[in-house]
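Here's the structure we're looking at; comments come further down.
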Amino acid sequence: MAKHGSLLYAFSIILMLAVSLPSEAADQEDRKTYIVYLGSLPKDQLFSPLSHHIGILESITESSSPSNLLVRSYKKSFNGFAAKLTDRERERLANMEGVVSVFLSTTYQLQTTRSWDFLGFSEKVKRNPTVESNVIVGVIDSGIWPESNSFSDEGFGPAPKKWKGVCKGGFNFTCNNKLIGARYYIDSTARDEVGHGTHTASTAAGNPVEPVSFYGLAQGIARGGVPSARIAAYKVCGSEGCSVDGILAAFDDAIADGVDIITISIASETAPPFHEDPIAIGAFHAMEKGILTSNSAGNYGPAERTVSSVAPWILSVAASSTDRRIIDKVVLGNGRTLVGSSVNTLELNGMSYPLIEGKDALRSSGCVDCEDGCLDPDLVKGNIVVCRQANGSIEAHHAGAIGAITSTTRSDVSFVVPLPATSFSSKDYDVVHSYLNSTAKPVGNILKSEVIKDLAAPTVASFSSRGPNNILPEIIKPDITAPGVEILAAFSPVASLTVSSEDLKRHVKYCIQSGTSMSCPHVAGVAAYIKTFHPNWSPAAIKSSIMTTAGPVNNTSNSTGEFLYGSGHINPLKAVDPGLVYETSKDDYIKLLCSILDEASVRLISGDDHPCSAKTGKKSPKDLNYPSMAGTVAPGTSSFSLKFRRTVKNVGLANSTYKANIISKSGVDIQVVPQVLSFKSLNEEKAFDVTVSGRGMPYGSHVSASLVWTDGTYSVRSPVLVFSL
C-alpha cells in the first residue's frame, strides 16, 4: 500500500506539470462546492493528505491562493476533499488519474427510508392518530419478526374492539398491541426466517425507527405509511415458496379476523383464470366484506403480458424508482472508472486485483461461464471474476473469488451482493471485457456502493411485470405504480442477505430490497391512510381515489406506458381527497363474471341463485365502472368506434361543476357526453359516455389519451387506451 500511495502521488505530480493552466477569467467564474473522492488513504506514513489535496488544486486552478478554495480535507478514514470549483476545473479533476469521482455537494436533510418522502408523504402530514390506530393491516407473506423495533407497541393502547383474530405464532412468539395477530400456514411458527414479510409489514405500517441504515447506506428514519395502525401477520411463504392452499386459508382467516386492508406481495409467473387464482378468489371475498387487497404485479418484466395480478377487484401494483439511487464503481487498471449497479457494502481496501474471465476459470469443458458449480476455486482465488451471467457473483463467491463483475439487463436496480461485486449494462460490460483482452495483466478495484440522486425518477423498474391483461384485456393492469426499487425496511435478523450459501455470517435488522413486493405495501399503506379519513368508503372508492389522482411517470422504455404503470405514480396526499370516485359493487363484478364464466361457476362464487339471469344481465369488461378505460380493436379493420359508459360519485364539494378535458397526442377523435357534470350534493352520481373513434390499427399498435374532469379545485384523471391484438 505504501508503494501504491507513492505512485498515486507521483502520478498527480506528473499530471500537475502536464496540465495547462486555465484562463485568467476562470477565477471570476461562479464556483460551487464539489466533493473530490480519491478512495482509501494510502498506507505510506510519509503521505500528507492535506499537501496532496492542495497540490491537486494548484494543478487545475489559476487562483493565486489555491488553499483558499479548499473547503475541507478528508484524511482520517478515506482520502478526498471538498473545494470550490468552476465547471472547467471540475471537468479537469474528473479526468485526472487517481480521482474516483467528483460530485456536487448538495444540501441534505435528515432522511427517511426515502420512498415516503419521495411521494410527498412526510412525517408531518395530517393524520387522525386515534382513527389510524383502529385500522388493521393484514400482511399475507413470509411471517414477521415480532421483536423488531418497527413493531414495538410503546404508546399503543389495546387492540381495536373489532379485532377478532388471535396470536398463534408458535413457540416463543409473542404479539403485542402493535402486532396484534399472527398465524402460520407452513412451518411451525409465524416467525419470519427469510425477511420478506418483515420488510413488507414495516413498509406498510411500521413504526418510525431511527437511525437505521444498511451498513451505512441509505441512513435515516425507517417508517411505514400508517405507523399508528395495527398489523396482523399471516405466514404462507418460506424459503421454498408460498403455499397456494395456505394463501387461501390466510385470506379466509384475515377476513374473519377483521382486517381493513390486505397486502400480499405474492405473484405467479402467469395469470391463471380467476376461479383458479387463490389471490383473486381471496381478494374477491375480501372485497365483499369491504376489504381492499393490494397485490404485487409480479417481477417478470420487461416482457409484455407478464402481469399476473389482473382481477379488477384487486389493486395491482407495479414498481418504480425513487430519486435515491444506489450505485457502485469499478476502477480499471487503465484509469477508467465505470458506474455499475449493486448494493455492495464490502471493500477491497483500495487495492486493485487481477481480473479473470469466467470462461477461463472453469472446472471442466462442459461448463459455461459462471454457472452454478462451474468456477474452479484454484483459478479464481485472489482474482476478480468477470462473468456474463447476471447472477455470476453468487458462483464467484461460492468458488472463493475476491470479487466479481457481471453483465445485467437490469442496470436500473441494485441488489445486495455477497462479495465486492457490481453489474454493468452490456455496453459498459463490453468496456471491461475489451480492457481485459487488451493487456497481459488486467486489474481492477471494486469500490463500496454510494448513494446518488436520480433526477429521472420515477421510472418503472425493468423487472416490473407489464400488461396487457391476459385474462381481461379491457381492464388495464397494473393499476398503479409505487416505490419498489432499493427500499430500506425492517428485516429478519436470522435471514440471509443473498442467495449465496456462503453468505451466512452477515445479519441485519434493516435491509435494502427491490421488487413489486416492495411497492405493494406502499400502496396498502396509502389505502389504509385513506381509510382513516373515509372509514366508510368501499374498496372500489379507495382504489379509484388512488388511481385518478396518480401523477406522471417517466417512461424510458419502448412499451405502452399504461401497460407499465396503469394510471400513473401514486400520490398519497391527493388520493385522500379525490373529488370524484368510480364506484364498483359486488353486483357489477358478478355481471362481469357472467360474461366470462358459466353461470354455474358464477353462482358458486357469488352465492346467488340466479346471478346471470336476464334480469340481472351481463356486463362487458369494457363497460365495468373502472377508473381507467381500455378497449381492443381487431387488426385489419378500416376504422373503429368504441363507447365507454361510466358513472362517478361526488365526494368533493357539494355544489360543484366538472368539465371534461381530453389530453391526447394520438390523433383519434374522443367525444364525452355530456361534457359538463353538475352536482348539487355529496354522494350524488352522474353518468357519462366516452366514444373513441379512429382509423384501423395494425397488430400490436395502440393509441392513448387521458380524460380529466376538472372543477377548478379537483382534477380527476382516467387513462383511455385502445390497442390492437
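Going by the C-alpha cells order, chains are called A, B, ..., each with residues numbered from 1, while ligands are numbered from 1 in the order shown.
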Go through segment 499-610 of chain A and flag each residue having an atom no more than 10 Å from segment 210-233 of chain A; for those, report the closest pair of atoms plus their distance in Å to one decimal, using only C-alpha atoms, ordered by chain and rising number, as JSON lines.
```
{"residue": "A:Val508", "atom": "CA", "partner": "A:Phe214", "partner_atom": "CA", "distance": 7.6}
{"residue": "A:Lys509", "atom": "CA", "partner": "A:Phe214", "partner_atom": "CA", "distance": 8.7}
{"residue": "A:Tyr510", "atom": "CA", "partner": "A:Phe214", "partner_atom": "CA", "distance": 6.3}
{"residue": "A:Cys511", "atom": "CA", "partner": "A:Phe214", "partner_atom": "CA", "distance": 5.7}
{"residue": "A:Ile512", "atom": "CA", "partner": "A:Phe214", "partner_atom": "CA", "distance": 6.8}
{"residue": "A:Pro521", "atom": "CA", "partner": "A:Gly225", "partner_atom": "CA", "distance": 8.6}
{"residue": "A:His522", "atom": "CA", "partner": "A:Gly225", "partner_atom": "CA", "distance": 6.7}
{"residue": "A:Val523", "atom": "CA", "partner": "A:Gly225", "partner_atom": "CA", "distance": 8.6}
{"residue": "A:Ala524", "atom": "CA", "partner": "A:Gly225", "partner_atom": "CA", "distance": 8.2}
{"residue": "A:Gly525", "atom": "CA", "partner": "A:Gly225", "partner_atom": "CA", "distance": 4.5}
{"residue": "A:Val526", "atom": "CA", "partner": "A:Gly225", "partner_atom": "CA", "distance": 6.2}
{"residue": "A:Ala527", "atom": "CA", "partner": "A:Gly225", "partner_atom": "CA", "distance": 9.2}
{"residue": "A:Ala528", "atom": "CA", "partner": "A:Val226", "partner_atom": "CA", "distance": 6.8}
{"residue": "A:Tyr529", "atom": "CA", "partner": "A:Val226", "partner_atom": "CA", "distance": 6.1}
{"residue": "A:Ile530", "atom": "CA", "partner": "A:Val226", "partner_atom": "CA", "distance": 9.9}
{"residue": "A:Thr532", "atom": "CA", "partner": "A:Val226", "partner_atom": "CA", "distance": 9.3}
{"residue": "A:Pro572", "atom": "CA", "partner": "A:Gly225", "partner_atom": "CA", "distance": 9.3}
```
For the selection just defined, write its residues with C-alpha atoms to a file, as an mmCIF file, in the first residue's frame.
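Dumped everything to selection.cif:
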```
data_model
loop_
_atom_site.group_PDB
_atom_site.id
_atom_site.type_symbol
_atom_site.label_atom_id
_atom_site.label_comp_id
_atom_site.auth_asym_id
_atom_site.auth_seq_id
_atom_site.Cartn_x
_atom_site.Cartn_y
_atom_site.Cartn_z
ATOM 1 C CA VAL A 508 -29.102 -7.121 9.766
ATOM 2 C CA LYS A 509 -32.244 -5.665 11.279
ATOM 3 C CA TYR A 510 -32.928 -3.419 8.275
ATOM 4 C CA CYS A 511 -32.249 -4.383 4.695
ATOM 5 C CA ILE A 512 -32.471 -2.952 1.177
ATOM 6 C CA PRO A 521 -47.161 -2.425 0.768
ATOM 7 C CA HIS A 522 -46.598 1.233 -0.112
ATOM 8 C CA VAL A 523 -49.993 1.227 -1.809
ATOM 9 C CA ALA A 524 -51.526 -0.722 1.065
ATOM 10 C CA GLY A 525 -50.214 1.941 3.427
ATOM 11 C CA VAL A 526 -51.785 4.685 1.312
ATOM 12 C CA ALA A 527 -55.084 2.771 1.177
ATOM 13 C CA ALA A 528 -55.035 2.471 4.965
ATOM 14 C CA TYR A 529 -54.291 6.188 5.244
ATOM 15 C CA ILE A 530 -57.326 6.988 3.075
ATOM 16 C CA THR A 532 -58.577 6.774 8.307
ATOM 17 C CA PRO A 572 -50.931 9.825 -1.192
#
```
Exercise for the section: Extract, using only C-alpha atoms, all DNA, RNA and protein residues at most 9 Å from segment 334-344 of chain A, discarding same-chain residues fewer than 4 positions from it, and format them as a ChimeraX atom specification. Expected result: /A:96-101,217,326-330,408,410-425,428,431-432,435,442-444,447-450,486,512
Practice task
For each of A:Ser641, A:Gly667, A:Thr548, A:Ala361, take the minimum atom-to-atom distance to Val708 of chain A, counting only C-alpha atoms, then give the residue where this is smallest.
Solution key: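 Looking at the shortest contact to Val708 of chain A, the residue is A:Thr548.
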Exercise for the section: DSSP on the backbone, then: every residue of segment 462-570 of chain A marked strand (DSSP E or B), written as a list in words. Expected result: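 Taking segment 462-570 of chain A and keeping strand (DSSP E or B) only, one gets Ile480, Thr481, Ala482, Pro483, Ile487, Leu488, Ala489, Ala490, Tyr510, Cys511, Ile512, Gln513, Gly551 and His569 of chain A.
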Would you save the residues of that selection, restricted to N, CA, C and O atoms, as a tab-separated table (two decimals), in the first residue's frame?
```
chain	number	residue	atom	x	y	z
A	480	ILE	N	-51.49	0.83	-10.91
A	480	ILE	CA	-50.75	1.95	-10.33
A	480	ILE	C	-49.30	1.54	-10.17
A	480	ILE	O	-48.99	0.34	-10.17
A	481	THR	N	-48.41	2.50	-10.03
A	481	THR	CA	-47.03	2.17	-9.67
A	481	THR	C	-46.64	2.93	-8.41
A	481	THR	O	-47.18	4.00	-8.11
A	482	ALA	N	-45.71	2.35	-7.66
A	482	ALA	CA	-45.27	2.92	-6.38
A	482	ALA	C	-43.81	2.53	-6.17
A	482	ALA	O	-43.28	1.65	-6.86
A	483	PRO	N	-43.12	3.18	-5.22
A	483	PRO	CA	-41.71	2.87	-5.00
A	483	PRO	C	-41.45	1.40	-4.70
A	483	PRO	O	-42.07	0.82	-3.80
A	487	ILE	N	-35.50	-0.32	-1.53
A	487	ILE	CA	-36.27	0.15	-0.38
A	487	ILE	C	-35.67	-0.40	0.91
A	487	ILE	O	-35.47	-1.61	1.05
A	488	LEU	N	-35.39	0.48	1.84
A	488	LEU	CA	-34.86	0.08	3.15
A	488	LEU	C	-36.02	-0.09	4.13
A	488	LEU	O	-36.84	0.81	4.30
A	489	ALA	N	-36.11	-1.26	4.73
A	489	ALA	CA	-37.17	-1.53	5.70
A	489	ALA	C	-36.70	-2.62	6.65
A	489	ALA	O	-35.61	-3.20	6.49
A	490	ALA	N	-37.53	-2.92	7.64
A	490	ALA	CA	-37.16	-3.91	8.65
A	490	ALA	C	-36.93	-5.28	8.02
A	490	ALA	O	-37.47	-5.60	6.96
A	510	TYR	N	-32.31	-4.19	9.35
A	510	TYR	CA	-32.93	-3.42	8.28
A	510	TYR	C	-32.15	-3.68	7.00
A	510	TYR	O	-30.93	-3.66	7.00
A	511	CYS	N	-32.89	-3.95	5.93
A	511	CYS	CA	-32.25	-4.38	4.69
A	511	CYS	C	-32.84	-3.64	3.49
A	511	CYS	O	-33.98	-3.17	3.52
A	512	ILE	N	-32.04	-3.57	2.43
A	512	ILE	CA	-32.47	-2.95	1.18
A	512	ILE	C	-32.91	-4.05	0.22
A	512	ILE	O	-32.15	-4.97	-0.07
A	513	GLN	N	-34.15	-3.93	-0.26
A	513	GLN	CA	-34.68	-4.90	-1.21
A	513	GLN	C	-35.44	-4.18	-2.32
A	513	GLN	O	-35.90	-3.05	-2.15
A	551	GLY	N	-49.86	10.57	-10.35
A	551	GLY	CA	-49.03	11.52	-11.08
A	551	GLY	C	-48.33	10.89	-12.26
A	551	GLY	O	-48.44	9.69	-12.52
A	569	HIS	N	-48.20	7.24	-11.16
A	569	HIS	CA	-47.43	7.13	-9.93
A	569	HIS	C	-48.25	7.62	-8.74
A	569	HIS	O	-48.81	8.72	-8.77
```
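For the pair atom CA of Glu347 of chain A and atom CA of Ala390 of chain A, the interatomic distance is 20.4 Å.
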Practice task
Between A:Met518, A:Val673, A:Ile662, A:Ile384, single out the one closest to Asn445 of chain A, counting only C-alpha atoms.
Solution key: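 Distance minimum relative to Asn445 of chain A lands on A:Ile384.
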Problem - Exercise: Ser701 of chain A partners within 6 Å, only C-alpha atoms, chain neighbours under 2 positions left out, as a VMD selection string - result: chain A and resid 698 to 699 723 to 724
Okay, now the selection with all heavy atoms, as an mmCIF file, in the first residue's frame?
```cif
data_model
loop_
_atom_site.group_PDB
_atom_site.id
_atom_site.type_symbol
_atom_site.label_atom_id
_atom_site.label_comp_id
_atom_site.auth_asym_id
_atom_site.auth_seq_id
_atom_site.Cartn_x
_atom_site.Cartn_y
_atom_site.Cartn_z
ATOM 1 N N PRO A 698 -52.784 -1.507 -36.966
ATOM 2 C CA PRO A 698 -52.063 -2.765 -37.177
ATOM 3 C C PRO A 698 -51.878 -3.509 -35.858
ATOM 4 O O PRO A 698 -51.966 -2.921 -34.774
ATOM 5 C CB PRO A 698 -50.716 -2.302 -37.747
ATOM 6 C CG PRO A 698 -50.565 -0.888 -37.285
ATOM 7 C CD PRO A 698 -51.950 -0.326 -37.211
ATOM 8 N N TYR A 699 -51.590 -4.785 -35.947
ATOM 9 C CA TYR A 699 -51.439 -5.622 -34.759
ATOM 10 C C TYR A 699 -50.335 -5.062 -33.855
ATOM 11 O O TYR A 699 -49.245 -4.700 -34.301
ATOM 12 C CB TYR A 699 -51.088 -7.053 -35.150
ATOM 13 C CG TYR A 699 -50.859 -7.959 -33.966
ATOM 14 C CD1 TYR A 699 -51.930 -8.519 -33.285
ATOM 15 C CD2 TYR A 699 -49.567 -8.233 -33.509
ATOM 16 C CE1 TYR A 699 -51.742 -9.336 -32.192
ATOM 17 C CE2 TYR A 699 -49.353 -9.050 -32.415
ATOM 18 C CZ TYR A 699 -50.450 -9.603 -31.761
ATOM 19 O OH TYR A 699 -50.230 -10.403 -30.676
ATOM 20 N N PHE A 723 -56.082 -0.532 -28.116
ATOM 21 C CA PHE A 723 -54.955 -1.228 -28.716
ATOM 22 C C PHE A 723 -55.443 -2.410 -29.539
ATOM 23 O O PHE A 723 -56.573 -2.891 -29.386
ATOM 24 C CB PHE A 723 -53.951 -1.676 -27.651
ATOM 25 C CG PHE A 723 -54.502 -2.587 -26.592
ATOM 26 C CD1 PHE A 723 -54.275 -3.955 -26.639
ATOM 27 C CD2 PHE A 723 -55.226 -2.083 -25.519
ATOM 28 C CE1 PHE A 723 -54.764 -4.800 -25.651
ATOM 29 C CE2 PHE A 723 -55.723 -2.909 -24.531
ATOM 30 C CZ PHE A 723 -55.488 -4.283 -24.594
ATOM 31 N N SER A 724 -54.579 -2.856 -30.423
ATOM 32 C CA SER A 724 -54.930 -3.931 -31.349
ATOM 33 C C SER A 724 -54.267 -5.224 -30.908
ATOM 34 O O SER A 724 -53.085 -5.253 -30.568
ATOM 35 C CB SER A 724 -54.475 -3.562 -32.761
ATOM 36 O OG SER A 724 -54.723 -4.609 -33.658
#
```
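Comparing the minimum interatomic distances between Leu346 of chain A and each of A:Val672, A:Ile314, A:Pro627, A:Arg506, counting only C-alpha atoms, we find that A:Arg506 sits nearest.
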Handout entry: Surrounding residues of Val485 of chain A excluding itself and chain neighbours under 5 positions, 7 Å, only C-alpha atoms, as JSON, numbers by chain
Key = {"A": [319, 320, 321, 413, 514, 515]}
